[in-house]
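Source file: data-v3.csv. Holds: CSV, C-alpha atoms.
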```csv
chain,number,residue,atom,x,y,z
A,7,MET,CA,-18.5,9.8,-21.5
A,8,LEU,CA,-18.1,7.2,-18.7
A,9,SER,CA,-21.7,7.6,-17.6
A,10,ALA,CA,-22.9,7.3,-21.2
A,11,ALA,CA,-20.9,4.1,-21.6
A,12,SER,CA,-22.3,2.8,-18.3
A,13,ARG,CA,-25.8,3.6,-19.5
A,14,LYS,CA,-25.2,1.7,-22.7
A,15,TYR,CA,-23.5,-1.2,-21.0
A,16,PRO,CA,-24.9,-1.4,-17.5
A,17,GLY,CA,-22.9,-4.5,-16.6
A,18,ILE,CA,-19.6,-2.6,-17.0
A,19,ARG,CA,-20.2,-0.3,-14.0
A,20,ALA,CA,-19.1,-2.7,-11.2
A,21,PRO,CA,-15.8,-3.7,-12.9
A,22,LEU,CA,-15.0,0.0,-13.6
A,23,LEU,CA,-15.7,0.8,-10.0
A,24,LEU,CA,-13.4,-2.0,-8.9
A,25,LEU,CA,-10.6,-0.7,-11.1
A,26,LEU,CA,-11.1,2.9,-9.8
A,27,LEU,CA,-11.0,1.6,-6.2
A,28,LEU,CA,-7.8,-0.4,-7.0
A,29,PHE,CA,-6.2,2.7,-8.5
A,30,TYR,CA,-6.9,4.8,-5.4
A,31,ALA,CA,-6.2,2.0,-2.9
A,32,VAL,CA,-2.8,0.9,-4.2
A,33,PRO,CA,0.0,3.2,-2.9
A,34,SER,CA,1.4,5.5,-5.6
A,35,GLY,CA,5.0,4.6,-4.7
A,36,ALA,CA,6.4,1.8,-2.7
A,37,ALA,CA,9.1,4.2,-1.4
A,38,ASP,CA,6.4,6.1,0.6
A,39,THR,CA,5.8,3.1,2.7
A,40,VAL,CA,7.9,0.7,4.7
A,41,ALA,CA,7.0,-2.9,5.4
A,42,VAL,CA,7.9,-3.6,9.0
A,43,ASP,CA,8.4,-7.3,9.8
A,44,VAL,CA,8.5,-8.4,13.4
A,45,ALA,CA,9.2,-12.0,14.4
A,46,ALA,CA,9.0,-13.1,18.0
A,47,VAL,CA,11.5,-15.8,18.8
A,48,TYR,CA,11.4,-17.8,22.0
A,49,ALA,CA,15.0,-18.5,23.1
A,50,SER,CA,15.6,-21.0,25.9
A,51,ASN,CA,17.8,-23.8,27.0
A,52,ASP,CA,15.0,-26.2,26.9
A,53,GLY,CA,16.0,-28.6,24.1
A,54,THR,CA,18.3,-28.1,21.2
A,55,SER,CA,15.9,-27.4,18.3
A,56,ILE,CA,16.2,-24.4,16.1
A,57,ASP,CA,13.1,-23.4,14.1
A,58,PRO,CA,13.8,-23.9,10.4
A,59,ALA,CA,11.5,-21.0,9.7
A,60,LEU,CA,14.3,-18.7,11.0
A,61,GLY,CA,16.2,-19.4,7.8
A,62,THR,CA,19.7,-17.9,7.6
A,63,ILE,CA,19.2,-16.1,10.9
A,64,ARG,CA,19.6,-19.5,12.7
A,65,GLY,CA,23.4,-19.4,12.5
A,66,LYS,CA,23.5,-15.7,13.6
A,67,LEU,CA,21.4,-16.5,16.6
A,68,ARG,CA,23.6,-19.4,17.6
A,69,SER,CA,26.8,-17.4,17.3
A,70,MET,CA,25.4,-14.4,19.3
A,71,PHE,CA,23.6,-16.0,22.1
A,72,ASN,CA,24.1,-19.0,24.4
A,73,TYR,CA,20.6,-20.4,24.2
A,74,THR,CA,20.2,-23.9,22.8
A,75,SER,CA,16.7,-23.7,21.4
A,76,TYR,CA,15.1,-21.0,19.2
A,77,ARG,CA,11.4,-21.2,18.2
A,78,MET,CA,9.5,-18.6,16.3
A,79,LEU,CA,6.3,-18.0,18.1
A,80,ASP,CA,4.8,-15.3,15.8
A,81,ARG,CA,5.6,-13.2,12.9
A,82,LYS,CA,3.7,-10.2,11.7
A,83,ARG,CA,4.1,-7.6,8.9
A,84,ARG,CA,2.7,-4.2,8.6
A,85,SER,CA,3.0,-1.7,5.8
A,86,LEU,CA,3.4,1.8,7.2
A,87,SER,CA,3.4,5.1,5.5
A,88,VAL,CA,5.3,8.0,7.1
A,89,GLY,CA,3.7,9.0,10.3
A,90,GLU,CA,1.7,5.9,10.6
A,91,THR,CA,1.9,3.6,13.6
A,92,GLY,CA,1.6,-0.1,13.4
A,93,GLU,CA,0.8,-2.2,16.5
A,94,PHE,CA,2.3,-5.7,16.9
A,95,GLU,CA,0.9,-8.0,19.6
A,96,LEU,CA,3.8,-9.9,21.2
A,97,PRO,CA,3.7,-13.0,23.4
A,98,GLY,CA,3.1,-12.5,27.0
A,99,ARG,CA,0.6,-9.6,26.7
A,100,ARG,CA,3.4,-7.3,25.5
A,101,THR,CA,2.9,-4.9,22.6
A,102,MET,CA,5.2,-3.3,20.1
A,103,ARG,CA,4.3,-0.1,18.3
A,104,ALA,CA,6.4,1.1,15.4
A,105,THR,CA,6.0,4.5,13.7
A,106,SER,CA,7.6,5.2,10.4
A,107,LEU,CA,9.5,8.5,10.5
A,108,PRO,CA,10.7,10.7,7.5
A,109,ALA,CA,13.9,9.4,6.0
A,110,GLN,CA,16.2,10.0,3.0
A,111,GLY,CA,17.0,7.6,0.2
A,112,ASP,CA,16.8,3.9,1.0
A,113,LYS,CA,17.0,4.7,4.7
A,114,VAL,CA,14.1,3.8,7.0
A,115,ARG,CA,13.6,5.4,10.4
A,116,LEU,CA,11.4,3.8,12.9
A,117,SER,CA,10.3,4.9,16.3
A,118,VAL,CA,9.8,1.7,18.3
A,119,GLN,CA,8.0,1.4,21.6
A,120,ILE,CA,7.6,-1.9,23.5
A,121,THR,CA,5.3,-2.0,26.5
A,122,ASP,CA,4.4,-4.7,29.0
A,123,GLY,CA,1.0,-3.7,30.2
A,124,PRO,CA,1.4,-0.1,31.6
A,125,LYS,CA,5.2,-0.5,31.8
A,126,ASN,CA,7.3,1.1,29.1
A,127,LEU,CA,10.0,-1.5,28.4
A,128,LEU,CA,11.7,0.2,25.6
A,129,ALA,CA,11.5,3.4,23.5
A,130,THR,CA,14.0,3.7,20.7
A,131,THR,CA,14.5,5.3,17.4
A,132,LEU,CA,16.2,3.2,14.8
A,133,GLY,CA,17.7,4.1,11.4
A,134,LEU,CA,17.9,1.1,9.0
A,135,ARG,CA,18.5,0.5,5.4
A,136,ARG,CA,15.7,-1.2,3.5
A,137,GLY,CA,16.3,-4.9,3.9
A,138,GLY,CA,18.1,-4.3,7.2
A,139,MET,CA,17.4,-6.1,10.5
A,140,VAL,CA,17.9,-5.3,14.1
A,141,LEU,CA,17.3,-7.5,17.2
A,142,VAL,CA,15.6,-6.6,20.4
A,143,GLY,CA,15.8,-9.2,23.1
A,144,GLY,CA,15.7,-9.8,26.8
A,145,PRO,CA,12.1,-9.7,28.0
A,146,SER,CA,11.5,-12.9,29.9
A,147,HIS,CA,9.1,-15.5,28.5
A,148,GLN,CA,8.4,-18.9,30.2
A,149,ALA,CA,11.8,-20.5,30.9
A,150,GLY,CA,13.7,-18.2,28.5
A,151,VAL,CA,13.6,-14.9,26.8
A,152,LEU,CA,12.0,-13.2,23.8
A,153,ILE,CA,14.1,-12.0,20.9
A,154,LEU,CA,12.4,-9.8,18.4
A,155,LEU,CA,13.7,-9.8,14.8
A,156,ILE,CA,12.7,-6.4,13.4
A,157,SER,CA,13.3,-5.9,9.8
A,158,ALA,CA,12.2,-3.2,7.4
A,159,GLU,CA,11.8,-3.3,3.6
B,25,MET,CA,-95.0,-4.8,-25.7
B,26,ASP,CA,-94.7,-1.0,-26.2
B,27,CYS,CA,-92.4,0.7,-28.8
B,28,GLY,CA,-89.9,1.8,-26.2
B,29,THR,CA,-89.3,-1.8,-25.0
B,30,ALA,CA,-89.3,-3.0,-28.6
B,31,LEU,CA,-86.5,-0.5,-29.5
B,32,GLY,CA,-84.3,-1.8,-26.7
B,33,LYS,CA,-84.9,-5.4,-27.9
B,34,ILE,CA,-84.2,-4.4,-31.6
B,35,ILE,CA,-80.8,-3.2,-30.6
B,36,ALA,CA,-80.2,-6.3,-28.5
B,37,LYS,CA,-81.3,-8.5,-31.4
B,38,ALA,CA,-78.8,-6.6,-33.7
B,39,ASP,CA,-76.1,-7.3,-31.2
B,40,GLY,CA,-77.1,-11.0,-31.1
B,41,LEU,CA,-78.0,-10.8,-27.4
B,42,LEU,CA,-81.8,-11.3,-27.5
B,43,PRO,CA,-83.1,-14.6,-26.1
B,44,ARG,CA,-85.2,-16.7,-28.4
B,45,GLU,CA,-88.5,-16.3,-26.5
B,46,GLU,CA,-88.1,-12.5,-26.4
B,47,ALA,CA,-87.2,-12.5,-30.1
B,48,ALA,CA,-90.6,-14.2,-30.8
B,49,ALA,CA,-92.4,-11.5,-28.7
B,50,LEU,CA,-90.5,-8.8,-30.6
B,51,ALA,CA,-91.5,-10.4,-34.0
B,52,GLY,CA,-95.1,-10.2,-32.9
B,53,HIS,CA,-94.8,-6.5,-32.1
B,54,LEU,CA,-93.0,-5.7,-35.3
B,55,ALA,CA,-95.7,-7.5,-37.3
B,56,GLY,CA,-98.2,-5.0,-35.9
B,57,CYS,CA,-96.0,-1.8,-35.7
B,58,PRO,CA,-94.7,-0.5,-39.0
B,59,ALA,CA,-92.5,2.2,-37.2
B,60,CYS,CA,-90.7,-0.4,-35.1
B,61,ALA,CA,-90.4,-2.7,-38.1
B,62,ALA,CA,-88.7,0.2,-40.1
B,63,GLU,CA,-86.4,0.8,-37.2
B,64,ASP,CA,-85.5,-2.9,-37.0
B,65,ALA,CA,-84.8,-3.0,-40.7
B,66,ALA,CA,-82.5,0.1,-40.4
B,67,VAL,CA,-80.6,-1.2,-37.4
B,68,SER,CA,-80.2,-4.7,-38.9
B,69,ALA,CA,-78.8,-3.1,-42.1
B,70,ALA,CA,-76.4,-0.9,-40.2
B,71,GLY,CA,-74.4,-3.9,-38.7
B,72,PRO,CA,-73.2,-5.3,-42.0
B,73,ALA,CA,-72.5,-1.8,-43.3
B,74,LEU,CA,-70.3,-1.0,-40.3
B,75,ARG,CA,-68.5,-4.3,-40.6
B,76,ALA,CA,-67.8,-3.6,-44.3
B,77,LEU,CA,-66.6,-0.1,-43.5
B,78,THR,CA,-64.3,-1.4,-40.8
B,79,GLY,CA,-62.9,-3.9,-43.2
B,80,ILE,CA,-62.2,-1.2,-45.8
B,81,ARG,CA,-60.5,1.0,-43.2
B,82,ALA,CA,-58.4,-2.0,-42.0
B,83,MET,CA,-57.3,-2.7,-45.6
B,84,GLU,CA,-56.4,1.0,-46.1
B,85,LYS,CA,-54.3,1.0,-42.9
B,86,ALA,CA,-52.7,-2.4,-43.5
B,87,PRO,CA,-49.5,-1.1,-45.2
B,88,ALA,CA,-48.9,1.5,-42.5
B,89,LEU,CA,-49.4,-1.2,-39.8
B,90,ASP,CA,-47.1,-3.6,-41.6
B,91,ALA,CA,-44.4,-0.9,-41.8
B,92,MET,CA,-44.9,-0.1,-38.1
B,93,TRP,CA,-44.6,-3.8,-37.1
B,94,THR,CA,-41.4,-4.0,-39.2
B,95,ARG,CA,-39.9,-1.1,-37.3
B,96,VAL,CA,-41.0,-2.6,-34.0
B,97,ARG,CA,-39.5,-6.0,-34.9
B,98,ALA,CA,-36.2,-4.2,-36.0
B,99,GLY,CA,-36.1,-2.3,-32.7
B,100,ILE,CA,-36.6,-5.4,-30.6
B,101,GLY,CA,-33.8,-7.2,-32.5
B,102,GLU,CA,-31.5,-4.3,-32.1
B,103,SER,CA,-32.2,-4.1,-28.3
B,104,ARG,CA,-31.5,-7.8,-27.9
B,105,GLU,CA,-28.2,-7.5,-29.8
B,106,THR,CA,-27.1,-4.5,-27.7
B,107,ARG,CA,-28.0,-6.4,-24.5
B,108,ARG,CA,-26.1,-9.5,-25.8
B,109,ARG,CA,-23.0,-7.3,-26.6
B,110,SER,CA,-23.1,-5.5,-23.2
B,111,SER,CA,-23.4,-8.7,-21.3
B,112,TRP,CA,-20.4,-10.1,-23.2
B,113,ILE,CA,-18.3,-7.1,-22.3
B,114,ALA,CA,-19.5,-7.3,-18.6
B,115,ARG,CA,-18.6,-10.9,-18.5
B,116,TRP,CA,-15.1,-10.5,-19.8
B,117,VAL,CA,-14.1,-7.2,-18.3
B,118,TRP,CA,-13.9,-8.9,-14.9
B,119,ILE,CA,-10.8,-10.8,-16.0
B,120,PRO,CA,-8.4,-7.9,-16.3
B,121,ALA,CA,-9.9,-6.3,-13.2
B,122,ALA,CA,-9.4,-9.5,-11.2
B,123,LEU,CA,-5.8,-9.9,-12.6
B,124,ALA,CA,-5.0,-6.3,-11.7
B,125,LEU,CA,-6.4,-6.9,-8.2
B,126,ALA,CA,-4.4,-10.2,-7.7
B,127,VAL,CA,-1.1,-8.6,-8.9
B,128,SER,CA,-1.6,-5.6,-6.7
B,129,ALA,CA,-2.4,-7.8,-3.7
B,130,ILE,CA,0.8,-9.7,-4.3
B,131,LEU,CA,3.0,-6.6,-4.8
B,132,PHE,CA,1.6,-4.2,-2.3
B,133,TYR,CA,-0.2,-6.2,0.3
B,134,PRO,CA,1.9,-9.0,1.5
B,135,ALA,CA,0.4,-11.3,4.1
B,136,GLU,CA,0.8,-10.3,7.7
B,137,THR,CA,2.1,-13.7,8.6
B,138,ASP,CA,4.5,-14.2,5.8
B,139,ARG,CA,6.5,-17.3,6.7
B,140,SER,CA,9.2,-17.0,4.0
B,141,PRO,CA,12.7,-17.3,5.6
B,142,PHE,CA,14.6,-14.3,6.7
B,143,HIS,CA,17.1,-12.9,4.3
B,144,PRO,CA,18.3,-9.6,5.7
B,145,SER,CA,20.6,-7.8,3.3
B,146,THR,CA,22.3,-5.6,5.9
B,147,PHE,CA,22.8,-5.2,9.6
B,148,ASP,CA,23.7,-1.6,9.3
B,149,VAL,CA,21.5,0.0,11.9
B,150,ALA,CA,21.8,3.3,13.7
B,151,VAL,CA,20.3,3.5,17.2
B,152,GLU,CA,19.5,7.2,17.4
B,153,ASP,CA,18.2,7.0,21.0
B,154,VAL,CA,17.1,4.4,23.4
B,155,GLU,CA,15.5,4.5,26.9
B,156,SER,CA,13.4,2.4,29.3
B,157,GLU,CA,11.4,3.3,32.4
B,158,VAL,CA,11.7,-0.1,34.0
B,159,ALA,CA,14.7,-1.8,32.6
B,160,THR,CA,18.4,-1.4,31.8
B,161,VAL,CA,19.1,-1.4,28.1
B,162,ALA,CA,22.4,-2.6,26.5
B,163,LEU,CA,23.5,-2.2,23.0
B,164,VAL,CA,25.4,-5.2,21.6
B,165,ASP,CA,27.4,-4.9,18.5
B,166,LYS,CA,29.4,-8.0,17.5
B,167,GLY,CA,30.5,-6.8,14.0
B,168,GLU,CA,29.1,-6.1,10.6
B,169,ASP,CA,28.2,-9.7,9.9
B,170,LEU,CA,25.9,-9.9,12.9
B,171,PRO,CA,22.8,-8.0,13.7
B,172,ARG,CA,22.9,-5.3,16.3
B,173,VAL,CA,21.1,-6.2,19.4
B,174,ILE,CA,19.2,-4.0,21.9
B,175,TRP,CA,19.1,-6.1,25.0
B,176,ILE,CA,16.5,-5.3,27.7
B,177,ILE,CA,17.6,-6.3,31.2
B,178,GLU,CA,14.4,-6.2,33.2
B,179,ASP,CA,15.0,-4.8,36.7
B,180,ALA,CA,14.0,-7.3,39.4
```
As a first step, turn the structure in this file into structure tokens.
Amino acid sequence: MLSAASRKYPGIRAPLLLLLLLFYAVPSGAADTVAVDVAAVYASNDGTSIDPALGTIRGKLRSMFNYTSYRMLDRKRRSLSVGETGEFELPGRRTMRATSLPAQGDKVRLSVQITDGPKNLLATTLGLRRGGMVLVGGPSHQAGVLILLISAE
Amino acid sequence: MDCGTALGKIIAKADGLLPREEAAALAGHLAGCPACAAEDAAVSAAGPALRALTGIRAMEKAPALDAMWTRVRAGIGESRETRRRSSWIARWVWIPAALALAVSAILFYPAETDRSPFHPSTFDVAVEDVESEVATVALVDKGEDLPRVIWIIEDA
């Protein structure tokens, strides 16, 4: 029937193909995937400015750490399905790899690995709720340190 | 002029292709050759007869030809209409397709460098395991209102 219609209306073929591609490309359920958001923040005592892009996290950072300046250097987001690994380039030639692991309900499990060249800086498995956030900090960067804001939705 | 040459010129004359000077020579031959003159008369009479016959056949076929042309014209019109209709559909069908694509892109494929502010709903995080080959790792937990921190202390 479709081929008959496309024969009768040749111009309809491309839009139909687009819709079919869309149907197959769009994930069938958002629950099957997790959006991992990684922001790299440069914390230092050089100045007193706090990046407004950090939003409500600014107050949390100030109350948790003794740095006077926080600047977001980069922020990336990857949608990962279970078993899929996303790679996040970090400042200073460091790399973070996050793999989505099977989880129940609104929980998200991530296997996170941070490397600095050949060195394995951190390997951890995190269990978060969707919308949750965890911080990973400490790697030195310029005159301060890097703090990664890792959230999952 | 012999009779064979004259016959060729008779046919050329009937077809209107005989030059004037050759026509004069042919007339001279016909005046002295009754056989060729009879042939010339027969060929000259055949032309109008054929034209008349063709006219009659054309008049006989005219209604059928008219009917055929009517059908051809109707077919051309229908083909144009179909093409116009299909091009209209092709032009407008892109709108829902483009809308669906845009909505899906917004819903399912957020930008990798989304700069919207952070609004975490919870800091409830379980650290199932943690290790490092080259650093000391500390877990910092300052309460439910603050995020848990995994702090990497790089060994000197």
Nearest to chain A among B:Glu46, B:Glu168, B:Asp64, B:Asp39, with distances taken over all atoms listed in the file: which residue is it?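 Checking each candidate against chain A, we get B:Glu168 as the closest.
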Might you pull out every residue within 12 Å of Gly53 of chain A, with all atoms listed in the file counted and same-chain residues fewer than 3 positions away left off, and present them as an MDAnalysis selection string? chainID A and resid 48:50 56:57 73:77 149:150
Chain A residues near chain B within 6 Å, closest pair each, using only C-alpha atoms, as JSON lines:
```
{"residue": "A:Tyr15", "atom": "CA", "partner": "B:Ser110", "partner_atom": "CA", "distance": 4.8}
{"residue": "A:Gly17", "atom": "CA", "partner": "B:Ala114", "partner_atom": "CA", "distance": 4.8}
{"residue": "A:Ile18", "atom": "CA", "partner": "B:Ala114", "partner_atom": "CA", "distance": 5.0}
{"residue": "A:Pro21", "atom": "CA", "partner": "B:Trp118", "partner_atom": "CA", "distance": 5.9}
{"residue": "A:Ala59", "atom": "CA", "partner": "B:Pro141", "partner_atom": "CA", "distance": 5.7}
{"residue": "A:Leu60", "atom": "CA", "partner": "B:Pro141", "partner_atom": "CA", "distance": 5.8}
{"residue": "A:Gly61", "atom": "CA", "partner": "B:Pro141", "partner_atom": "CA", "distance": 4.6}
{"residue": "A:Arg81", "atom": "CA", "partner": "B:Thr137", "partner_atom": "CA", "distance": 5.6}
{"residue": "A:Lys82", "atom": "CA", "partner": "B:Glu136", "partner_atom": "CA", "distance": 4.9}
{"residue": "A:Arg83", "atom": "CA", "partner": "B:Glu136", "partner_atom": "CA", "distance": 4.4}
{"residue": "A:Asn126", "atom": "CA", "partner": "B:Glu157", "partner_atom": "CA", "distance": 5.7}
{"residue": "A:Leu127", "atom": "CA", "partner": "B:Ser156", "partner_atom": "CA", "distance": 5.3}
{"residue": "A:Leu128", "atom": "CA", "partner": "B:Ser156", "partner_atom": "CA", "distance": 4.6}
{"residue": "A:Ala129", "atom": "CA", "partner": "B:Glu155", "partner_atom": "CA", "distance": 5.4}
{"residue": "A:Thr130", "atom": "CA", "partner": "B:Val154", "partner_atom": "CA", "distance": 4.2}
{"residue": "A:Thr131", "atom": "CA", "partner": "B:Glu152", "partner_atom": "CA", "distance": 5.3}
{"residue": "A:Leu132", "atom": "CA", "partner": "B:Val151", "partner_atom": "CA", "distance": 4.8}
{"residue": "A:Gly133", "atom": "CA", "partner": "B:Ala150", "partner_atom": "CA", "distance": 4.8}
{"residue": "A:Leu134", "atom": "CA", "partner": "B:Val149", "partner_atom": "CA", "distance": 4.8}
{"residue": "A:Gly137", "atom": "CA", "partner": "B:Ser145", "partner_atom": "CA", "distance": 5.2}
{"residue": "A:Gly138", "atom": "CA", "partner": "B:Thr146", "partner_atom": "CA", "distance": 4.6}
{"residue": "A:Met139", "atom": "CA", "partner": "B:Phe147", "partner_atom": "CA", "distance": 5.5}
{"residue": "A:Val140", "atom": "CA", "partner": "B:Arg172", "partner_atom": "CA", "distance": 5.5}
{"residue": "A:Leu141", "atom": "CA", "partner": "B:Val173", "partner_atom": "CA", "distance": 4.6}
{"residue": "A:Val142", "atom": "CA", "partner": "B:Ile174", "partner_atom": "CA", "distance": 4.7}
{"residue": "A:Gly143", "atom": "CA", "partner": "B:Trp175", "partner_atom": "CA", "distance": 4.9}
{"residue": "A:Gly144", "atom": "CA", "partner": "B:Ile176", "partner_atom": "CA", "distance": 4.7}
```
What is the atom CA of Glu159 of chain A to atom CA of Val42 of chain A distance in Å?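 Answer for the atom CA of Glu159 of chain A to atom CA of Val42 of chain A separation: 6.7 Å.
Taking atom CA of Ser106 of chain A as the reference point, atom CA of Thr39 of chain A is found at 8.2 Å.
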Counting all atoms listed in the file, which of A:Ala104, A:Val40, A:Ile156, A:Val47 gets nearest to Thr121 of chain A? A:Ala104
Atom CA of Ala66 of chain B to atom CA of Ile34 of chain B, straight-line distance in Å: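 These atoms are spaced 10.0 Å apart.
Every protein, DNA or RNA residue with an atom at most 12 Å from Ala65 of chain B, where all atoms listed in the file count and chain neighbours fewer than 5 positions away do not, is listed here: Leu31, Ile34, Ile35, Lys37, Ala38, Leu54, Pro58, Ala59, Cys60, Ala70, Gly71 and Pro72 of chain B.
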Can I get the selected residues back with C-alpha atoms, as a PDB file, in the frame of the given file?
```pdb
ATOM      1  CA  LEU B  31     -86.500  -0.500 -29.500  1.00  0.00           C
ATOM      2  CA  ILE B  34     -84.200  -4.400 -31.600  1.00  0.00           C
ATOM      3  CA  ILE B  35     -80.800  -3.200 -30.600  1.00  0.00           C
ATOM      4  CA  LYS B  37     -81.300  -8.500 -31.400  1.00  0.00           C
ATOM      5  CA  ALA B  38     -78.800  -6.600 -33.700  1.00  0.00           C
ATOM      6  CA  LEU B  54     -93.000  -5.700 -35.300  1.00  0.00           C
ATOM      7  CA  PRO B  58     -94.700  -0.500 -39.000  1.00  0.00           C
ATOM      8  CA  ALA B  59     -92.500   2.200 -37.200  1.00  0.00           C
ATOM      9  CA  CYS B  60     -90.700  -0.400 -35.100  1.00  0.00           C
ATOM     10  CA  ALA B  70     -76.400  -0.900 -40.200  1.00  0.00           C
ATOM     11  CA  GLY B  71     -74.400  -3.900 -38.700  1.00  0.00           C
ATOM     12  CA  PRO B  72     -73.200  -5.300 -42.000  1.00  0.00           C
TER      13      PRO B  72
END
```
